file protein.pdb (PDB, C-alpha atoms and all ligand atoms)
ATOM      1  CA  MET A 224      17.278 -11.634  -5.857  1.00  0.00           C
ATOM      2  CA  GLY A 225      20.664 -11.113  -7.416  1.00  0.00           C
ATOM      3  CA  PHE A 226      20.782 -11.909 -11.108  1.00  0.00           C
ATOM      4  CA  GLN A 227      21.112  -8.422 -12.477  1.00  0.00           C
ATOM      5  CA  GLY A 228      20.452  -4.756 -11.649  1.00  0.00           C
ATOM      6  CA  ASN A 229      20.905  -2.538  -8.580  1.00  0.00           C
ATOM      7  CA  ILE A 230      21.929  -5.342  -6.257  1.00  0.00           C
ATOM      8  CA  GLU A 231      24.849  -3.856  -4.308  1.00  0.00           C
ATOM      9  CA  GLU A 232      22.939  -0.625  -3.658  1.00  0.00           C
ATOM     10  CA  HIS A 233      20.039  -2.547  -2.111  1.00  0.00           C
ATOM     11  CA  LEU A 234      22.425  -4.652  -0.080  1.00  0.00           C
ATOM     12  CA  LEU A 235      24.094  -1.567   1.360  1.00  0.00           C
ATOM     13  CA  ALA A 236      20.798   0.250   2.032  1.00  0.00           C
ATOM     14  CA  THR A 237      19.429  -2.862   3.780  1.00  0.00           C
ATOM     15  CA  LYS A 238      22.529  -3.228   5.955  1.00  0.00           C
ATOM     16  CA  LEU A 239      22.386   0.464   6.918  1.00  0.00           C
ATOM     17  CA  ALA A 240      18.649   0.254   7.642  1.00  0.00           C
ATOM     18  CA  MET A 241      19.221  -2.815   9.846  1.00  0.00           C
ATOM     19  CA  ARG A 242      21.954  -0.971  11.712  1.00  0.00           C
ATOM     20  CA  ASN A 243      19.683   2.060  12.226  1.00  0.00           C
ATOM     21  CA  LYS A 244      16.985  -0.146  13.660  1.00  0.00           C
ATOM     22  CA  GLY A 245      19.389  -2.207  15.769  1.00  0.00           C
ATOM     23  CA  ILE A 246      18.446  -5.402  13.951  1.00  0.00           C
ATOM     24  CA  GLU A 247      20.981  -8.201  13.965  1.00  0.00           C
ATOM     25  CA  GLY A 248      20.779 -10.110  10.741  1.00  0.00           C
ATOM     26  CA  GLU A 249      22.354 -10.833   7.456  1.00  0.00           C
ATOM     27  CA  ALA A 250      21.658  -9.327   4.053  1.00  0.00           C
ATOM     28  CA  SER A 251      22.896 -11.445   1.181  1.00  0.00           C
ATOM     29  CA  ILE A 252      22.480 -12.023  -2.527  1.00  0.00           C
ATOM     30  CA  ILE A 253      20.396 -15.006  -3.531  1.00  0.00           C
ATOM     31  CA  LYS A 254      19.998 -16.709  -6.900  1.00  0.00           C
ATOM     32  CA  ARG A 255      19.126 -20.354  -6.230  1.00  0.00           C
ATOM     33  CA  PRO A 256      15.825 -21.974  -5.181  1.00  0.00           C
ATOM     34  CA  ARG A 257      17.252 -23.515  -2.005  1.00  0.00           C
ATOM     35  CA  GLU A 258      18.537 -20.104  -0.870  1.00  0.00           C
ATOM     36  CA  VAL A 259      14.936 -18.865  -0.928  1.00  0.00           C
ATOM     37  CA  ASP A 260      14.158 -21.284   1.902  1.00  0.00           C
ATOM     38  CA  GLU A 261      16.679 -19.586   4.180  1.00  0.00           C
ATOM     39  CA  ILE A 262      15.392 -15.985   4.017  1.00  0.00           C
ATOM     40  CA  ASP A 263      12.893 -13.926   6.021  1.00  0.00           C
ATOM     41  CA  GLY A 264      12.407 -11.262   3.362  1.00  0.00           C
ATOM     42  CA  LEU A 265      13.365 -10.640  -0.248  1.00  0.00           C
ATOM     43  CA  ILE A 266      14.179  -7.559  -2.321  1.00  0.00           C
ATOM     44  CA  ILE A 267      13.915  -7.735  -6.094  1.00  0.00           C
ATOM     45  CA  PRO A 268      15.998  -4.867  -7.511  1.00  0.00           C
ATOM     46  CA  GLY A 269      15.602  -2.617 -10.518  1.00  0.00           C
ATOM     47  CA  GLY A 270      17.345  -3.558 -13.736  1.00  0.00           C
ATOM     48  CA  GLU A 271      15.854  -5.380 -16.695  1.00  0.00           C
ATOM     49  CA  SER A 272      12.804  -7.471 -15.900  1.00  0.00           C
ATOM     50  CA  THR A 273      12.996  -9.583 -19.079  1.00  0.00           C
ATOM     51  CA  VAL A 274      16.550 -10.681 -18.208  1.00  0.00           C
ATOM     52  CA  MET A 275      15.641 -11.421 -14.573  1.00  0.00           C
ATOM     53  CA  GLY A 276      12.568 -13.356 -15.682  1.00  0.00           C
ATOM     54  CA  ILE A 277      14.455 -15.536 -18.146  1.00  0.00           C
ATOM     55  CA  LEU A 278      17.326 -16.318 -15.750  1.00  0.00           C
ATOM     56  CA  GLY A 279      14.964 -16.871 -12.833  1.00  0.00           C
ATOM     57  CA  SER A 280      12.800 -19.333 -14.774  1.00  0.00           C
ATOM     58  CA  PHE A 281      15.786 -21.392 -15.933  1.00  0.00           C
ATOM     59  CA  ASN A 282      16.928 -22.407 -12.470  1.00  0.00           C
ATOM     60  CA  GLY A 283      13.487 -22.532 -10.837  1.00  0.00           C
ATOM     61  CA  VAL A 284      14.079 -19.680  -8.391  1.00  0.00           C
ATOM     62  CA  LEU A 285      10.977 -17.799  -9.570  1.00  0.00           C
ATOM     63  CA  ASN A 286       8.750 -20.762  -8.776  1.00  0.00           C
ATOM     64  CA  ARG A 287      10.202 -21.092  -5.306  1.00  0.00           C
ATOM     65  CA  ILE A 288       9.797 -17.358  -4.644  1.00  0.00           C
ATOM     66  CA  LYS A 289       6.198 -17.574  -5.797  1.00  0.00           C
ATOM     67  CA  GLU A 290       5.489 -20.465  -3.422  1.00  0.00           C
ATOM     68  CA  ARG A 291       7.065 -18.659  -0.485  1.00  0.00           C
ATOM     69  CA  ALA A 292       5.198 -15.442  -1.355  1.00  0.00           C
ATOM     70  CA  MET A 293       1.950 -17.409  -1.118  1.00  0.00           C
ATOM     71  CA  GLU A 294       3.054 -18.529   2.361  1.00  0.00           C
ATOM     72  CA  GLY A 295       3.583 -14.882   3.376  1.00  0.00           C
ATOM     73  CA  LEU A 296       7.263 -14.108   2.613  1.00  0.00           C
ATOM     74  CA  PRO A 297       7.673 -10.298   2.645  1.00  0.00           C
ATOM     75  CA  ILE A 298       8.943  -9.044  -0.720  1.00  0.00           C
ATOM     76  CA  MET A 299       9.870  -5.542  -1.892  1.00  0.00           C
ATOM     77  CA  GLY A 300      10.209  -5.059  -5.648  1.00  0.00           C
ATOM     78  CA  THR A 301      11.629  -1.838  -7.018  1.00  0.00           C
ATOM     79  CA  CYS A 302      11.178  -0.788 -10.665  1.00  0.00           C
ATOM     80  CA  ALA A 303      11.971  -3.981 -12.652  1.00  0.00           C
ATOM     81  CA  GLY A 304      11.325  -5.798  -9.348  1.00  0.00           C
ATOM     82  CA  LEU A 305       7.787  -4.343  -9.276  1.00  0.00           C
ATOM     83  CA  ILE A 306       7.319  -5.567 -12.859  1.00  0.00           C
ATOM     84  CA  MET A 307       8.463  -9.064 -11.822  1.00  0.00           C
ATOM     85  CA  MET A 308       5.896  -9.133  -9.007  1.00  0.00           C
ATOM     86  CA  ALA A 309       2.939  -7.974 -11.130  1.00  0.00           C
ATOM     87  CA  LYS A 310       0.057 -10.149 -12.341  1.00  0.00           C
ATOM     88  CA  ARG A 311       0.165  -8.526 -15.790  1.00  0.00           C
ATOM     89  CA  THR A 312       2.440  -6.165 -17.672  1.00  0.00           C
ATOM     90  CA  TYR A 313       2.356  -4.372 -20.962  1.00  0.00           C
ATOM     91  CA  ASP A 314       4.346  -1.779 -22.845  1.00  0.00           C
ATOM     92  CA  ARG A 315       2.625   1.027 -24.722  1.00  0.00           C
ATOM     93  CA  VAL A 316       4.731   0.327 -27.826  1.00  0.00           C
ATOM     94  CA  VAL A 317       4.783  -3.475 -27.955  1.00  0.00           C
ATOM     95  CA  GLY A 318       1.558  -4.284 -26.059  1.00  0.00           C
ATOM     96  CA  GLU A 319       1.270  -7.203 -23.604  1.00  0.00           C
ATOM     97  CA  THR A 320       4.826  -8.327 -22.870  1.00  0.00           C
ATOM     98  CA  HIS A 321       4.244 -12.055 -22.139  1.00  0.00           C
ATOM     99  CA  GLN A 322       7.435 -12.198 -20.084  1.00  0.00           C
ATOM    100  CA  PRO A 323       8.074 -14.560 -17.160  1.00  0.00           C
ATOM    101  CA  LEU A 324       6.601 -12.955 -14.019  1.00  0.00           C
ATOM    102  CA  LEU A 325       5.967 -13.963 -10.435  1.00  0.00           C
ATOM    103  CA  GLY A 326       2.364 -12.797 -10.737  1.00  0.00           C
ATOM    104  CA  ILE A 327       1.976 -12.319  -6.972  1.00  0.00           C
ATOM    105  CA  LEU A 328       0.956  -8.650  -6.809  1.00  0.00           C
ATOM    106  CA  ASN A 329      -2.605  -7.902  -7.928  1.00  0.00           C
ATOM    107  CA  VAL A 330      -1.773  -5.064 -10.288  1.00  0.00           C
ATOM    108  CA  MET A 331      -1.378  -4.318 -13.958  1.00  0.00           C
ATOM    109  CA  VAL A 332       1.878  -2.518 -14.684  1.00  0.00           C
ATOM    110  CA  GLU A 333       2.844  -0.463 -17.699  1.00  0.00           C
ATOM    111  CA  ARG A 334       6.554  -0.756 -18.483  1.00  0.00           C
ATOM    112  CA  ASN A 335       8.533   2.313 -19.521  1.00  0.00           C
ATOM    113  CA  SER A 336       5.570   4.394 -18.502  1.00  0.00           C
ATOM    114  CA  PHE A 337       7.471   7.679 -18.452  1.00  0.00           C
ATOM    115  CA  GLY A 338       9.428   7.114 -21.677  1.00  0.00           C
ATOM    116  CA  ARG A 339      12.840   5.490 -21.966  1.00  0.00           C
ATOM    117  CA  GLN A 340      16.323   6.327 -20.688  1.00  0.00           C
ATOM    118  CA  ARG A 341      16.223  10.042 -21.562  1.00  0.00           C
ATOM    119  CA  GLU A 342      13.069  10.436 -19.505  1.00  0.00           C
ATOM    120  CA  SER A 343      14.712   9.359 -16.243  1.00  0.00           C
ATOM    121  CA  PHE A 344      14.215  11.918 -13.464  1.00  0.00           C
ATOM    122  CA  GLU A 345      14.108  12.624  -9.741  1.00  0.00           C
ATOM    123  CA  LEU A 346      11.099  14.173  -8.001  1.00  0.00           C
ATOM    124  CA  PRO A 347       9.958  14.500  -4.378  1.00  0.00           C
ATOM    125  CA  LEU A 348       7.195  12.059  -3.452  1.00  0.00           C
ATOM    126  CA  LYS A 349       4.549  12.189  -0.744  1.00  0.00           C
ATOM    127  CA  ILE A 350       4.395   8.804   1.011  1.00  0.00           C
ATOM    128  CA  PRO A 351       1.989   9.213   3.951  1.00  0.00           C
ATOM    129  CA  VAL A 352       3.038   5.956   5.684  1.00  0.00           C
ATOM    130  CA  LEU A 353       6.540   7.450   6.047  1.00  0.00           C
ATOM    131  CA  GLY A 354       5.379  10.731   7.559  1.00  0.00           C
ATOM    132  CA  ASN A 355       5.370  14.287   6.244  1.00  0.00           C
ATOM    133  CA  LYS A 356       8.867  14.582   4.854  1.00  0.00           C
ATOM    134  CA  ASP A 357       9.023  14.056   1.061  1.00  0.00           C
ATOM    135  CA  PHE A 358      10.855  10.999  -0.252  1.00  0.00           C
ATOM    136  CA  PRO A 359      13.338  11.513  -3.111  1.00  0.00           C
ATOM    137  CA  GLY A 360      11.819   9.514  -5.983  1.00  0.00           C
ATOM    138  CA  VAL A 361      14.454   8.327  -8.461  1.00  0.00           C
ATOM    139  CA  PHE A 362      12.777   7.151 -11.673  1.00  0.00           C
ATOM    140  CA  ILE A 363      14.803   5.316 -14.335  1.00  0.00           C
ATOM    141  CA  ARG A 364      12.859   3.971 -17.333  1.00  0.00           C
ATOM    142  CA  ALA A 365      10.218   3.566 -14.715  1.00  0.00           C
ATOM    143  CA  PRO A 366       6.999   1.598 -14.886  1.00  0.00           C
ATOM    144  CA  SER A 367       3.730   2.723 -13.341  1.00  0.00           C
ATOM    145  CA  ILE A 368       0.761   0.858 -11.942  1.00  0.00           C
ATOM    146  CA  LYS A 369      -2.276   1.192 -14.179  1.00  0.00           C
ATOM    147  CA  GLU A 370      -4.776  -0.968 -12.342  1.00  0.00           C
ATOM    148  CA  CYS A 371      -4.992  -2.270  -8.781  1.00  0.00           C
ATOM    149  CA  TYR A 372      -7.111  -5.296  -7.920  1.00  0.00           C
ATOM    150  CA  GLU A 373      -8.108  -7.091  -4.721  1.00  0.00           C
ATOM    151  CA  GLY A 374      -6.126  -6.393  -1.565  1.00  0.00           C
ATOM    152  CA  VAL A 375      -3.901  -3.674  -2.999  1.00  0.00           C
ATOM    153  CA  GLU A 376      -3.424  -0.403  -1.132  1.00  0.00           C
ATOM    154  CA  VAL A 377      -1.925   2.657  -2.849  1.00  0.00           C
ATOM    155  CA  LEU A 378       1.068   4.080  -0.939  1.00  0.00           C
ATOM    156  CA  CYS A 379       2.210   6.740  -3.311  1.00  0.00           C
ATOM    157  CA  MET A 380       1.202   8.710  -6.405  1.00  0.00           C
ATOM    158  CA  LEU A 381       3.195  10.851  -8.795  1.00  0.00           C
ATOM    159  CA  ARG A 382       0.632  13.207 -10.309  1.00  0.00           C
ATOM    160  CA  GLU A 383      -1.999  10.825 -11.752  1.00  0.00           C
ATOM    161  CA  HIS A 384       0.342   7.809 -11.755  1.00  0.00           C
ATOM    162  CA  ILE A 385       0.340   5.133  -9.047  1.00  0.00           C
ATOM    163  CA  VAL A 386       3.988   4.483  -8.197  1.00  0.00           C
ATOM    164  CA  GLY A 387       3.885   2.636  -4.881  1.00  0.00           C
ATOM    165  CA  VAL A 388       1.566  -0.094  -3.575  1.00  0.00           C
ATOM    166  CA  LYS A 389       1.276  -2.572  -0.719  1.00  0.00           C
ATOM    167  CA  GLN A 390      -0.563  -5.862  -0.622  1.00  0.00           C
ATOM    168  CA  GLY A 391      -0.129  -7.552   2.742  1.00  0.00           C
ATOM    169  CA  LYS A 392       3.623  -7.984   3.088  1.00  0.00           C
ATOM    170  CA  LEU A 393       4.340  -7.245  -0.563  1.00  0.00           C
ATOM    171  CA  LEU A 394       5.654  -3.805  -1.542  1.00  0.00           C
ATOM    172  CA  GLY A 395       5.811  -2.688  -5.166  1.00  0.00           C
ATOM    173  CA  LEU A 396       7.630   0.552  -6.003  1.00  0.00           C
ATOM    174  CA  ALA A 397       8.126   2.048  -9.456  1.00  0.00           C
ATOM    175  CA  PHE A 398      11.190   4.008  -8.354  1.00  0.00           C
ATOM    176  CA  HIS A 399      14.603   3.296  -6.779  1.00  0.00           C
ATOM    177  CA  PRO A 400      14.755   3.883  -2.997  1.00  0.00           C
ATOM    178  CA  GLU A 401      18.224   2.271  -2.957  1.00  0.00           C
ATOM    179  CA  LEU A 402      19.574   5.186  -5.033  1.00  0.00           C
ATOM    180  CA  SER A 403      17.870   7.938  -3.061  1.00  0.00           C
ATOM    181  CA  GLY A 404      20.102   8.158  -0.002  1.00  0.00           C
ATOM    182  CA  ASP A 405      16.932   7.877   2.105  1.00  0.00           C
ATOM    183  CA  LEU A 406      16.574   4.630   4.067  1.00  0.00           C
ATOM    184  CA  ARG A 407      12.965   5.040   5.181  1.00  0.00           C
ATOM    185  CA  LEU A 408      11.469   2.563   2.694  1.00  0.00           C
ATOM    186  CA  HIS A 409      14.055  -0.085   3.556  1.00  0.00           C
ATOM    187  CA  GLU A 410      13.256   0.506   7.221  1.00  0.00           C
ATOM    188  CA  TYR A 411       9.533   0.269   6.466  1.00  0.00           C
ATOM    189  CA  PHE A 412      10.159  -3.037   4.698  1.00  0.00           C
ATOM    190  CA  LEU A 413      12.152  -4.323   7.687  1.00  0.00           C
ATOM    191  CA  ASP A 414       9.135  -3.471   9.863  1.00  0.00           C
ATOM    192  CA  LEU A 415       6.996  -5.721   7.632  1.00  0.00           C
ATOM    193  CA  ILE A 416       9.466  -8.563   8.182  1.00  0.00           C
TER     194      ILE A 416
HETATM  195  N1  LIG A 501      12.413  -0.604 -17.959  1.00  0.00           N
HETATM  196  C1  LIG A 501      12.916  -1.675 -17.121  1.00  0.00           C
HETATM  197  C2  LIG A 501      12.104  -2.944 -17.322  1.00  0.00           C
HETATM  198  O1  LIG A 501      11.104  -2.900 -17.958  1.00  0.00           O
HETATM  199  C3  LIG A 501      12.868  -1.264 -15.663  1.00  0.00           C
HETATM  200  C4  LIG A 501      13.835  -0.163 -15.413  1.00  0.00           C
HETATM  201  C5  LIG A 501      14.484  -0.184 -14.083  1.00  0.00           C
HETATM  202  O2  LIG A 501      14.380  -1.142 -13.318  1.00  0.00           O
HETATM  203  N2  LIG A 501      15.210   0.865 -13.797  1.00  0.00           N
HETATM  204  O3  LIG A 501      12.455  -3.982 -16.844  1.00  0.00           O
END

call {"tool": "encode", "arguments": {"input": "protein.pdb", "output": "structure tokens"}}
result
Amino acid sequence: MGFQGNIEEHLLATKLAMRNKGIEGEASIIKRPREVDEIDGLIIPGGESTVMGILGSFNGVLNRIKERAMEGLPIMGTCAGLIMMAKRTYDRVVGETHQPLLGILNVMVERNSFGRQRESFELPLKIPVLGNKDFPGVFIRAPSIKECYEGVEVLCMLREHIVGVKQGKLLGLAFHPELSGDLRLHEYFLDLI
């Protein structure tokens, strides 16, 4: 979904991951409801979830994504993208955020869970589904997952924080794999598609 945020980085990582796996396909930026009908998988990037939510409700693209998610469209949301996918979100300072969300991932997410811009950081993550090698976790004003409900499997923790989950073909990540130089999560997502 290409309204705002780390769009080009995801596009490049997806193209490289497809090349690595020998997949012939197209990765493109979508913004309109009818474009949602033409895709086999969707990435919602990091950025600012309030902005994405407002723009995506105006033109109806969020509704269409929600419908296709219910039909089984694979979706990977990273950082603000995870927030967009969540059932509920809140911020420690302002409380429940009441922002437009897709509400497709059965989790409660805390926004800005590690503090704001100054508290951005990179740390190695253990992600067992990717094997033994650590994944470089890039966290930028990152959220974390506070509660998981029905059907949600934890993929990754950072200390006591849940930072990666899977629910069927939906992936929610609190960090930015597209900025890590490591394509394994994009490849993992392609496997889900
Ligand atoms: N703090 C942002 C939000 O709440 C997410 C930050 C990011 O995507 N890097 O939308």

call {"tool": "closest_atom_pairs", "arguments": {"input": "protein.pdb", "of": "chain A", "to": "ligand LIG 501 (chain A)", "cutoff": "7 Å", "atoms": "all atoms listed in the file", "output": "tab-separated table"}}
result
residue	atom	partner	partner_atom	distance
A:Gly269	CA	A:LIG501	O2	3.4
A:Gly270	CA	A:LIG501	O2	3.8
A:Glu271	CA	A:LIG501	O3	3.7
A:Ser272	CA	A:LIG501	O3	3.6
A:Thr273	CA	A:LIG501	O3	6.1
A:Thr301	CA	A:LIG501	O2	6.9
A:Cys302	CA	A:LIG501	O2	4.2
A:Ala303	CA	A:LIG501	O2	3.8
A:Gly304	CA	A:LIG501	O2	6.8
A:Ile306	CA	A:LIG501	O3	6.7
A:Arg334	CA	A:LIG501	O1	5.1
A:Asn335	CA	A:LIG501	N1	5.1
A:Ile363	CA	A:LIG501	N2	4.5
A:Arg364	CA	A:LIG501	N1	4.6
A:Ala365	CA	A:LIG501	C4	5.2
A:Pro366	CA	A:LIG501	C3	6.6

call {"tool": "closest_residue", "arguments": {"input": "protein.pdb", "among": "A:Met299, A:Leu325, A:Leu408, A:Met307", "to": "Leu353 of chain A", "atoms": "only C-alpha atoms"}}
result
A:Leu408

call {"tool": "atom_distance", "arguments": {"input": "protein.pdb", "atom1": "atom CA of Gln322 of chain A", "atom2": "atom CA of Ala250 of chain A"}}
result
28.2 Å

call {"tool": "closest_atom_pairs", "arguments": {"input": "protein.pdb", "of": "segment 338-361 of chain A", "to": "segment 383-389 of chain A", "cutoff": "12 Å", "atoms": "all atoms listed in the file", "output": "Markdown table"}}
result
| residue | atom | partner | partner_atom | distance |
| --- | --- | --- | --- | --- |
| A:Leu348 | CA | A:Val386 | CA | 9.5 |
| A:Lys349 | CA | A:Gly387 | CA | 10.4 |
| A:Ile350 | CA | A:Gly387 | CA | 8.5 |
| A:Pro351 | CA | A:Gly387 | CA | 11.2 |
| A:Val352 | CA | A:Lys389 | CA | 10.8 |
| A:Phe358 | CA | A:Gly387 | CA | 11.8 |
| A:Gly360 | CA | A:Val386 | CA | 9.6 |
| A:Val361 | CA | A:Val386 | CA | 11.2 |

call {"tool": "closest_residue", "arguments": {"input": "protein.pdb", "among": "A:Leu324, A:Glu319, A:Ile368, A:His233", "to": "Phe337 of chain A", "atoms": "all atoms listed in the file"}}
result
A:Ile368

call {"tool": "atom_distance", "arguments": {"input": "protein.pdb", "atom1": "atom CA of Arg311 of chain A", "atom2": "atom CA of Arg407 of chain A"}}
result
28.1 Å

call {"tool": "axis_aligned_box", "arguments": {"input": "protein.pdb", "around": "segment 275-278 of chain A", "padding_each_side": "6 Å", "output": "JSON"}}
result
{"center_x": 14.9, "center_y": -13.9, "center_z": -16.4, "size_x": 16.8, "size_y": 16.9, "size_z": 15.6}

call {"tool": "closest_residue", "arguments": {"input": "protein.pdb", "among": "A:Leu394, A:Met331, A:Met380, A:Met241", "to": "Leu265 of chain A", "atoms": "all atoms listed in the file"}}
result
A:Leu394

call {"tool": "residues_around", "arguments": {"input": "protein.pdb", "residues": "Asp405 of chain A", "least_positions_apart": "3", "cutoff": "9 Å", "atoms": "only C-alpha atoms", "output": "PDB file with C-alpha atoms, in the frame of the given file"}}
result
ATOM      1  CA  ALA A 236      20.798   0.250   2.032  1.00  0.00           C
ATOM      2  CA  PHE A 358      10.855  10.999  -0.252  1.00  0.00           C
ATOM      3  CA  PRO A 359      13.338  11.513  -3.111  1.00  0.00           C
ATOM      4  CA  PRO A 400      14.755   3.883  -2.997  1.00  0.00           C
ATOM      5  CA  GLU A 401      18.224   2.271  -2.957  1.00  0.00           C
ATOM      6  CA  LEU A 402      19.574   5.186  -5.033  1.00  0.00           C
ATOM      7  CA  LEU A 408      11.469   2.563   2.694  1.00  0.00           C
ATOM      8  CA  HIS A 409      14.055  -0.085   3.556  1.00  0.00           C
TER       9      HIS A 409
END

call {"tool": "atom_distance", "arguments": {"input": "protein.pdb", "atom1": "atom CA of Leu234 of chain A", "atom2": "atom CA of Pro256 of chain A"}}
result
19.2 Å

call {"tool": "residues_around", "arguments": {"input": "protein.pdb", "residues": "Asp260 of chain A", "least_positions_apart": "6", "cutoff": "10 Å", "atoms": "all atoms listed in the file", "output": "ChimeraX atom specification"}}
result
/A:287-288,291,296

call {"tool": "closest_residue", "arguments": {"input": "protein.pdb", "among": "A:Ile416, A:Ile327, A:Leu406, A:Leu381", "to": "Asn243 of chain A", "atoms": "only C-alpha atoms"}}
result
A:Leu406

call {"tool": "closest_residue", "arguments": {"input": "protein.pdb", "among": "A:Thr237, A:Val375, A:Phe344, A:Pro268", "to": "Tyr411 of chain A", "atoms": "all atoms listed in the file"}}
result
A:Thr237

call {"tool": "closest_residue", "arguments": {"input": "protein.pdb", "among": "A:Gly395, A:Arg242, A:Gly225, A:Gly276", "to": "Glu258 of chain A", "atoms": "all atoms listed in the file"}}
result
A:Gly225

call {"tool": "resolve_selection", "arguments": {"input": "protein.pdb", "expression": "the PyMOL selection byres (((chain A and resi 224) around 6) and not hetatm)", "output": "list in words"}}
result
Gly225, Ile253, Lys254 and Ile267 of chain A

call {"tool": "residues_around", "arguments": {"input": "protein.pdb", "residues": "Gly326 of chain A", "least_positions_apart": "2", "cutoff": "6 Å", "atoms": "all atoms listed in the file", "output": "ChimeraX atom specification"}}
result
/A:308-310,324,328

call {"tool": "write_last_selection", "arguments": {"input": "protein.pdb", "atoms": "C-alpha atoms", "output": "CSV table (one decimal), keeping the file's coordinate frame"}}
result
chain,number,residue,atom,x,y,z
A,308,MET,CA,5.9,-9.1,-9.0
A,309,ALA,CA,2.9,-8.0,-11.1
A,310,LYS,CA,0.1,-10.1,-12.3
A,324,LEU,CA,6.6,-13.0,-14.0
A,328,LEU,CA,1.0,-8.6,-6.8

call {"tool": "resolve_selection", "arguments": {"input": "protein.pdb", "expression": "the PyMOL selection byres (((chain A and resi 391) around 9) and not hetatm)", "output": "PyMOL selection string"}}
result
chain A and resi 295+297+374-376+389-390+392-394+415

call {"tool": "residues_near_point", "arguments": {"input": "protein.pdb", "point": "(21.6, -8.2, -12.8)", "cutoff": "8 Å", "atoms": "all atoms listed in the file", "output": "list in words"}}
result
Gly225, Phe226, Gln227, Gly228, Asn229, Ile230, Gly270, Glu271, Val274 and Met275 of chain A

call {"tool": "decode", "arguments": {"input": "protein.pdb", "residues": "segment 309-323 of chain A", "atoms": "N, CA and C atoms", "output": "compact mmCIF listing (two decimals), in the first residue's frame"}}
result
# COMPACT_ATOMS: atom_id res chain seq x y z
N ALA A 309 -3.84 -4.09 13.08
CA ALA A 309 -4.29 -4.52 14.42
C ALA A 309 -5.78 -4.31 14.66
N LYS A 310 -6.32 -5.13 15.58
CA LYS A 310 -7.71 -4.95 16.03
C LYS A 310 -7.84 -3.68 16.86
N ARG A 311 -6.84 -3.48 17.77
CA ARG A 311 -6.91 -2.31 18.66
C ARG A 311 -5.52 -1.71 18.84
N THR A 312 -5.48 -0.42 19.02
CA THR A 312 -4.18 0.23 19.29
C THR A 312 -4.34 1.29 20.37
N TYR A 313 -3.29 1.49 21.10
CA TYR A 313 -3.28 2.61 22.04
C TYR A 313 -1.87 3.16 22.14
N ASP A 314 -1.78 4.31 22.74
CA ASP A 314 -0.49 4.96 22.98
C ASP A 314 -0.44 5.24 24.48
N ARG A 315 0.72 4.98 25.08
CA ARG A 315 0.83 5.13 26.53
C ARG A 315 0.48 6.55 26.99
N VAL A 316 0.79 7.53 26.13
CA VAL A 316 0.57 8.93 26.51
C VAL A 316 -0.88 9.35 26.26
N VAL A 317 -1.40 9.02 25.08
CA VAL A 317 -2.74 9.54 24.75
C VAL A 317 -3.86 8.51 24.93
N GLY A 318 -3.51 7.27 25.29
CA GLY A 318 -4.54 6.24 25.49
C GLY A 318 -5.00 5.65 24.17
N GLU A 319 -6.23 5.11 24.15
CA GLU A 319 -6.75 4.46 22.92
C GLU A 319 -6.74 5.48 21.78
N THR A 320 -6.24 5.06 20.61
CA THR A 320 -5.98 6.07 19.57
C THR A 320 -7.17 6.31 18.63
N HIS A 321 -8.15 5.41 18.61
CA HIS A 321 -9.36 5.61 17.78
C HIS A 321 -9.03 6.06 16.37
N GLN A 322 -8.03 5.46 15.76
CA GLN A 322 -7.65 5.82 14.40
C GLN A 322 -8.23 4.79 13.43
N PRO A 323 -8.37 5.13 12.15
CA PRO A 323 -8.86 4.13 11.20
C PRO A 323 -7.87 2.98 11.07
